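Colleague: Below you'll find the structure I mean.
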Number of protein chains: 2
Amino acid sequence: MLSLSNLGVNSVSSVIALHTSDVRFPTSSSLDGSDAMNRDPDYSAAYVRIETDALDGLDGHAFVFTIGRGNDVQVSAIDALAAHLIGRSVESLLDDMGATWREFVWDSQLRWLGPEKGVMHMAIGAVVNALWDLKAKRAGLPLWQLLARMTPEETVALIDFRYLTDALTPIEALEILQGSVPGRADREAALLKTGYPAYTTSPGWLGYSDEKLVRLATEAVSQGFELIKLKVGGNLEDDIRRLGLAREAVGPHIRIAADANQRWGVDEAIEWMSHLAPFDLAWIEEPTSPDDILGHAAIAAGIAPILVATGEHAANRIMFKQFLQADALQVLQIDATRVGGVNENIAILLLAAKFGVPVCPHAGGVGLCEAVQHLSMFDYVAISATTDRRVIEYVDHLHEHFATPVVINRGHYRAPTVPGAGTEMLAASRTEFAFVPHD
Amino acid sequence: MLSLSNLGVNSVSSVIALHTSDVRFPTSSSLDGSDAMNRDPDYSAAYVRIETDALDGLDGHAFVFTIGRGNDVQVSAIDALAAHLIGRSVESLLDDMGATWREFVWDSQLRWLGPEKGVMHMAIGAVVNALWDLKAKRAGLPLWQLLARMTPEETVALIDFRYLTDALTPIEALEILQGSVPGRADREAALLKTGYPAYTTSPGWLGYSDEKLVRLATEAVSQGFELIKLKVGGNLEDDIRRLGLAREAVGPHIRIAADANQRWGVDEAIEWMSHLAPFDLAWIEEPTSPDDILGHAAIAAGIAPILVATGEHAANRIMFKQFLQADALQVLQIDATRVGGVNENIAILLLAAKFGVPVCPHAGGVGLCEAVQHLSMFDYVAISATTDRRVIEYVDHLHEHFATPVVINRGHYRAPTVPGAGTEMLAASRTEFAFVPHD
């Protein structure tokens with residue numbers, strides 16, 4: 001198809017606005033998303049839309065997922081990045097996304113607010129992801145395919161190796177990518193045919209009754225999921241009862257993972273898990289503080305062969321590097337909106353590949369499924385070349401608010417075919433759920 | 001003296017307002033504060049004043065130090081905490097500062113924005129510090145003295161041990177504090193007489209000429225400082241020349257520390273430092289990413305006997321715990337406004353004591369000297385009971401803007417005697433340097 005982009009019209013476009021919005025869904029009323037640490041989340045998005053003056057009419061959309069209070073702070077952090085973007089050439093930003101990433105992350109003043117962690121880093125991630133959304137739309141490809149068709153050299157150029165080379169050098173990253181060039185087309189075809197394996201957390205929220213847990217666990221199996229996840233860590237007796245009920249409901253062949261959401265100290269985690277060992281858990285997730293690399297390593301050693309999973313709150317690639325170096329996690333859970341966007345997540349995927357650790361993304365929330373599936377699919381086609389031991393979290397909330405909601409079929413994410421990064425929320429939803437402060 | 005507080009008038013007071021302001025000093029014009037990563041800082045404060053309806057007229061003042069852009073984001077994060085405070089009983093907040101700290105840090109929705117790191121955690125730190133300022137003013141004591149006169153049990157109750165017990169239990173903390181009860185009065189008297197040792201970074205900014213470096217280094221010695229610090233990591237030849245000039249200027253008996261401000265990767269740090277070894281450095285500070293615990297451990301092993309110093313960008317007590325567990329730092333640099341305020345810094349001081357590592361605070365910036373001196377003085381009286389190997393950073397910028405500016409005498413911080421935490425900026429300065437956005 002002849003597009004404006006092909007005619008070169010885009011080659012002179014500029015960013016003309018960064019539109020942000022504070023979108024909050026009142027999920028706390030139903031206890032969807034309740035766990036041992038997050039009793040009453042209101043799933044929210046600090047949303048950004050990058051507008052250009054290109055005639056193609058394409059915008060870049062992305063967001064930071066939060067759980068309510070403070071979403072306004074996250075929005076103001078995204079607003080603070082407008083000065084980096086307004087008036088800039090869209091093409092020069094998109095053509096060298098490695099340089100663009102560095103420009104944001106190494107802003108010498110903004111950097112003080114992290115560095116590379118928390119509100120400011122997540123804001124950078126949102127803007128980076130919005131630019132990737134725009135880049136994919138301009139290319140007429142879903143993000144996973146855009147990424148999976150880059151050359152190994154182009155992919156390596158996206159990554160800042162400054163703090164990584166003791167674990168992963170650019171040459172090693174290149175070799176990993178080159179090693180997976182053969183078979184790319186076959187794996188793309190396989191994804192388009194079968195999709196990517198999913199697991200579901202929908203049955204397992206702490207706020208749900210036993211009856212609802214059993215009903216949803218049974219439904220999950222009938223829907224084709226081969227792994228479900230339960231929240232634990234509130235009360236040991238409850239955990240034992242609920243895991244027993246879930247095991248009874250799903251039978252012996254479905255895997256069950258457990259998620260403690262940072263509830264424990266190191267010794268407490270080892271002690272608590274000794275009581276859950278009989279349930280043959282797929283993994284224990286976030287047993288302690290997401291900053292405690294050495295603590296996770298001690299827990300992993302103390303509860304083996306149960307695997308330790310973490311990552312949804314790991315601030316950046318430098319934390320993941322150490323989790324891998326210390327054998328502190330055996331299941332690596334990237335999150336689409338926690339770190340500095342697509343570039344940093346690619347660095348993390350490559351680190352995982354170097355250490356031979358499977359990546360099983362965190363999703364759920366609002367829009368996280370839509371966003372993170374692209375990274376796993378890219379990983380499958382161009383990095384790890386396998387879905388073995390790999391599964392993307394799925395929660396059946398709030399997908400209806402997105403322009404291209406995920407489609408789950410027989411326990412698999414269907415591969416997206418619509419151009420973009422999946423991160424565009426419907427304008428009507430953004431308006432309807434715009435947060436209005438009380439005062 | 002009979003005060004309103006003694007009459008019980010305060011026992012019914014409430015928080016009536018959180019006043020925030022975005023204060024920025026145009027320091028980038030003089031290259032004060034320039035280093036290998038921060039080329040052009042504008043020293044700034046995201047400032048908070050807690051107002052109550054008490055008849056004593058006392059407010060609590062504190063701030064987060066930033067270096068310019070993004071200070072507005074930091075202010076908005078402090079604003080987001082107003083809902084926790086407005087209308088609350090001041091006495092119940094101040095009487096159990098441990099519970100108050102937990103209430104902020106474990107807010108289940110705000111926690112998602114960190115957890116315990118970056119903009120949101122620093123905002124909590126500012127509010128906690130403002131409450132400590134108010135508590136000290138109400139007690140009629142400088143903060144260091146208020147803290148140093150608490151019982152060991154009261155001090156332990158300030159700390160959240162959830163993620164610490166694998167390194168420091170409440171009982172161990174209590175024993176450390178009890179061990180330093182003898183001699184408290186003598187050490188208070190010694191502090192009031194002699195002050196606390198300081199070192200100066202004033203000569204060493206990368207943006208200064210060789211001539212200015214030599215002049216300021218010479219002046220520092222004549223002023224009684226026994227340690228000076230130079231910024232390094234921009235260019236190896238420059239580092240060697242500048243360290244040579246500094247050594248010549250100060251003679252063989254003054255110690256010289258170096259600060260790389262996160263410039264290097266792990267291997268690069270070890271290689272670069274091999275060239276600086278001949279200068280007999282007191283320490284190398286921030287050789288790499290402040291998140292890289294294992295990287296610092298590798299560097300420390302690779303450059304011994306040169307010591308590794310870090311901490312001004314360490315996000316929280318959990319990071320410090322691991323730095324100590326991994327022998328990744330030999331000089332621990334707390335910062336008054338990076339972590340969750342006084343409570344968390346006390347936890348870090350106790351961890352340092354447990355591991356036998358000296359604490360040499362980061363200061364400079366704007367107001368950091370005024371704030372952090374209280375923590376070192378408390379540490380001396382009630383925890384470590386020594387100033388051996390311990391010095392507080394000093395930089396001679398912007399003290400004139402504070403109600404109780406630090407006083408340096410013969411290379412020592414004079415012990416403050418005015419009630420409060422030292423964190424109150426003059427109203428005139430807050431007004432004069434209030435930031436006005438360009439657009």
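Going by the structure tokens order, chains are called A, B, ..., each with residues numbered from 1, while ligands are numbered from 1 in the order shown.
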Please identify all polymer residues within 7 Å of Arg39 of chain B, counting only C-alpha atoms, omitting same-chain residues fewer than 4 positions from it, and present them as a ChimeraX atom specification.
Modeller: /A:108 /B:34-35
Colleague: Compile the residues of chain A that lie within 7 Å of chain B, evaluated using only C-alpha atoms, and express the compilation as a ChimeraX atom specification.
Modeller: /A:37-39,41,66-70,73,76-77,80,108-110,112-114,117-120,162-163,166,265-267,289,291-292,294,318-319,322
Colleague: Might you pull out every residue within 7 Å of Glu393 of chain B, with only C-alpha atoms counted and same-chain residues fewer than 5 positions away left off, and present them as a list in words?
Modeller: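 So, after excluding close chain neighbours, the residues are Ala198, Tyr199, Thr200, Pro361, His362, Ala363 and Gly364 of chain B.
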Colleague: Given the selection you just returned, output its residues as a file containing N, CA and C atoms, formatted as a CSV table (one decimal), in the first residue's frame.
Modeller:
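What ended up in out-v3.csv:
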chain,number,residue,atom,x,y,z
B,198,ALA,N,35.1,17.5,59.8
B,198,ALA,CA,34.6,17.7,58.5
B,198,ALA,C,35.7,17.5,57.4
B,199,TYR,N,35.3,17.2,56.2
B,199,TYR,CA,36.2,17.3,55.1
B,199,TYR,C,35.6,18.2,54.0
B,200,THR,N,36.3,18.7,53.1
B,200,THR,CA,35.8,19.6,52.1
B,200,THR,C,36.0,19.2,50.7
B,361,PRO,N,29.0,11.0,56.1
B,361,PRO,CA,27.8,11.4,55.3
B,361,PRO,C,28.2,12.3,54.1
B,362,HIS,N,27.3,12.1,53.1
B,362,HIS,CA,27.3,13.0,51.9
B,362,HIS,C,26.6,14.3,52.3
B,363,ALA,N,27.2,15.4,51.9
B,363,ALA,CA,26.6,16.7,52.2
B,363,ALA,C,26.9,17.6,51.0
B,364,GLY,N,26.8,18.9,51.3
B,364,GLY,CA,26.9,19.9,50.2
B,364,GLY,C,25.5,20.2,49.7
Colleague: Distance atom CA of Ala434 of chain A-atom CA of Val128 of chain A, one decimal place?
Modeller: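 Result for atom CA of Ala434 of chain A versus atom CA of Val128 of chain A: 22.8 Å, one decimal.
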Colleague: Could you pull out the helix (DSSP H, G or I) residues of segment 189-395 of chain B, going by DSSP on the backbone, and write them as a ChimeraX atom specification?
Modeller: /B:189-194,210-222,236-250,266-279,293-303,317-325,341-355,368-383
Colleague: Do you know which residues are at most 12 Å from Pro182 of chain B counting only C-alpha atoms, after dropping those on the same chain fewer than 3 positions away, and could you put them as a PyMOL selection string?
Modeller: chain B and resi 152+176-179+185-188+381-385
Colleague: Take the residues just selected and output them with C-alpha atoms as a PDB file, in the first residue's frame.
Modeller:
ATOM      1  CA  PRO B 152      17.625   2.452  73.352  1.00  0.00           C
ATOM      2  CA  ILE B 176      24.404  -1.782  70.154  1.00  0.00           C
ATOM      3  CA  LEU B 177      22.493   1.175  71.584  1.00  0.00           C
ATOM      4  CA  GLN B 178      22.735  -0.076  75.167  1.00  0.00           C
ATOM      5  CA  GLY B 179      26.462  -0.574  74.726  1.00  0.00           C
ATOM      6  CA  ALA B 185      27.095  12.750  78.565  1.00  0.00           C
ATOM      7  CA  ASP B 186      30.841  12.946  78.017  1.00  0.00           C
ATOM      8  CA  ARG B 187      30.444  12.670  74.275  1.00  0.00           C
ATOM      9  CA  GLU B 188      27.716  15.326  74.222  1.00  0.00           C
ATOM     10  CA  VAL B 381      26.810  10.077  71.117  1.00  0.00           C
ATOM     11  CA  ALA B 382      24.470   7.079  71.022  1.00  0.00           C
ATOM     12  CA  ILE B 383      25.651   4.459  68.520  1.00  0.00           C
ATOM     13  CA  SER B 384      29.253   4.281  67.314  1.00  0.00           C
ATOM     14  CA  ALA B 385      30.662   6.263  70.251  1.00  0.00           C
TER      15      ALA B 385
END
Colleague: Take atom CA of Ile348 of chain B and atom CA of Thr386 of chain B and report the distance between them in Å, one decimal.
Modeller: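 Atom-to-atom, atom CA of Ile348 of chain B to atom CA of Thr386 of chain B, that is 16.4 Å.
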Colleague: Using only C-alpha atoms, pick whichever of B:Gly207, B:Gly244, B:Gly311, B:Gly340 has the shortest atom-to-atom distance to Val105 of chain B.
Modeller: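 Looking at the shortest contact to Val105 of chain B, the residue is B:Gly340.
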Colleague: Leaving out His374 of chain A and any residue of its chain fewer than 5 positions from it, which residues lie within 12 Å of it when counting only C-alpha atoms, given as a ChimeraX atom specification?
Modeller: /A:129,132-133,136,141-148,191,195-196,334-336,342,345-346,361,363,368-369,379-382,392,406,413-423
Colleague: Atom CA of Met150 of chain B and atom CA of Leu350 of chain B are how many Å apart?
Modeller: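 Taking atom CA of Met150 of chain B and atom CA of Leu350 of chain B, their separation equals 14.7 Å.
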Colleague: If we count only C-alpha atoms, what is near Ile86 of chain A at a cut-off of 8 Å, once residues fewer than 4 positions away on the same chain are taken out, given as a ChimeraX atom specification?
Modeller: /A:14-18,82
Colleague: Would you save the residues from that selection as a tab-separated table (two decimals), in the first residue's frame, using C-alpha atoms?
Modeller:
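New file part31.tsv:
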chain	number	residue	atom	x	y	z
A	14	SER	CA	7.93	17.35	14.61
A	15	VAL	CA	6.54	16.52	18.02
A	16	ILE	CA	3.93	19.16	18.74
A	17	ALA	CA	2.44	18.01	22.04
A	18	LEU	CA	2.65	15.59	24.93
A	82	ALA	CA	7.88	17.44	27.49
Colleague: I'd like to know which residues of segment 144-355 of chain A are strand (DSSP E or B) (by DSSP, run on the backbone); could you write them as a list in words?
Modeller: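 Taking segment 144-355 of chain A and keeping strand (DSSP E or B) gives Tyr196, Pro197, Ala198, Tyr199, Thr200, Thr201, Ser202, Pro203, Gly204, Leu227, Ile228, Lys229, Leu230, Lys231, Arg255, Ile256, Ala257, Ala258, Asp259, Leu281, Ala282, Trp283, Ile284, Glu285, Val308, Ala309, Thr310, Val331 and Leu332 of chain A.
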Colleague: Those same residues, written as a compact mmCIF listing (two decimals), in the first residue's frame with N, CA and C atoms?
Modeller:
# COMPACT_ATOMS: atom_id res chain seq x y z
N TYR A 196 1.18 -17.44 22.16
CA TYR A 196 2.23 -17.60 23.18
C TYR A 196 1.57 -18.06 24.48
N PRO A 197 2.13 -19.04 25.17
CA PRO A 197 1.49 -19.59 26.37
C PRO A 197 1.22 -18.54 27.45
N ALA A 198 0.05 -18.65 28.06
CA ALA A 198 -0.37 -17.75 29.12
C ALA A 198 -0.65 -18.53 30.40
N TYR A 199 -0.54 -17.85 31.53
CA TYR A 199 -1.11 -18.41 32.76
C TYR A 199 -2.05 -17.37 33.35
N THR A 200 -2.88 -17.78 34.29
CA THR A 200 -3.86 -16.83 34.80
C THR A 200 -3.79 -16.69 36.32
N THR A 201 -3.90 -15.44 36.75
CA THR A 201 -3.94 -15.11 38.18
C THR A 201 -5.37 -14.79 38.60
N SER A 202 -6.29 -14.82 37.66
CA SER A 202 -7.67 -14.41 37.97
C SER A 202 -8.28 -15.14 39.16
N PRO A 203 -8.01 -16.46 39.36
CA PRO A 203 -8.66 -17.12 40.51
C PRO A 203 -8.11 -16.69 41.86
N GLY A 204 -6.88 -16.17 41.91
CA GLY A 204 -6.14 -16.25 43.15
C GLY A 204 -6.06 -15.05 44.06
N LEU A 227 -1.31 -23.25 33.95
CA LEU A 227 -0.70 -22.75 35.18
C LEU A 227 -1.62 -21.67 35.73
N ILE A 228 -1.91 -21.75 37.01
CA ILE A 228 -2.64 -20.68 37.68
C ILE A 228 -1.80 -20.18 38.85
N LYS A 229 -2.13 -18.98 39.31
CA LYS A 229 -1.33 -18.40 40.39
C LYS A 229 -2.24 -17.93 41.51
N LEU A 230 -1.82 -18.21 42.74
CA LEU A 230 -2.57 -17.77 43.92
C LEU A 230 -1.72 -16.82 44.75
N LYS A 231 -2.37 -15.82 45.31
CA LYS A 231 -1.72 -14.93 46.25
C LYS A 231 -1.59 -15.62 47.60
N ARG A 255 -0.10 -26.70 36.78
CA ARG A 255 0.86 -26.12 37.72
C ARG A 255 0.21 -24.97 38.52
N ILE A 256 0.65 -24.82 39.76
CA ILE A 256 0.17 -23.73 40.61
C ILE A 256 1.37 -22.93 41.11
N ALA A 257 1.36 -21.65 40.84
CA ALA A 257 2.40 -20.75 41.37
C ALA A 257 1.81 -19.95 42.52
N ALA A 258 2.69 -19.42 43.36
CA ALA A 258 2.24 -18.64 44.50
C ALA A 258 3.00 -17.30 44.52
N ASP A 259 2.32 -16.28 45.00
CA ASP A 259 2.85 -14.92 44.95
C ASP A 259 2.68 -14.26 46.31
N LEU A 281 4.71 -26.34 44.13
CA LEU A 281 4.51 -25.03 43.50
C LEU A 281 5.44 -24.83 42.31
N ALA A 282 4.92 -24.16 41.29
CA ALA A 282 5.74 -23.82 40.12
C ALA A 282 6.81 -22.80 40.48
N TRP A 283 6.43 -21.87 41.33
CA TRP A 283 7.40 -20.90 41.85
C TRP A 283 6.79 -20.14 43.01
N ILE A 284 7.63 -19.50 43.81
CA ILE A 284 7.17 -18.50 44.76
C ILE A 284 7.67 -17.14 44.27
N GLU A 285 6.74 -16.23 44.18
CA GLU A 285 7.00 -14.93 43.56
C GLU A 285 7.10 -13.84 44.62
N VAL A 308 12.39 -19.42 42.70
CA VAL A 308 12.06 -18.05 43.10
C VAL A 308 11.83 -17.21 41.84
N ALA A 309 10.72 -16.48 41.83
CA ALA A 309 10.39 -15.59 40.73
C ALA A 309 10.31 -14.17 41.25
N THR A 310 10.84 -13.22 40.49
CA THR A 310 10.66 -11.81 40.84
C THR A 310 10.98 -10.94 39.64
N VAL A 331 13.08 -17.56 37.78
CA VAL A 331 12.04 -17.16 36.84
C VAL A 331 12.07 -15.63 36.82
N LEU A 332 12.35 -15.05 35.65
CA LEU A 332 12.54 -13.60 35.58
C LEU A 332 11.29 -12.94 35.03
Colleague: Of the residues B:Val23, B:Ala269, B:Ala277, B:Ala189, which is the one nearest to Ala428 of chain B, using only C-alpha atoms?
Modeller: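 Residue with the minimum atom-to-atom distance to Ala428 of chain B: B:Val23.
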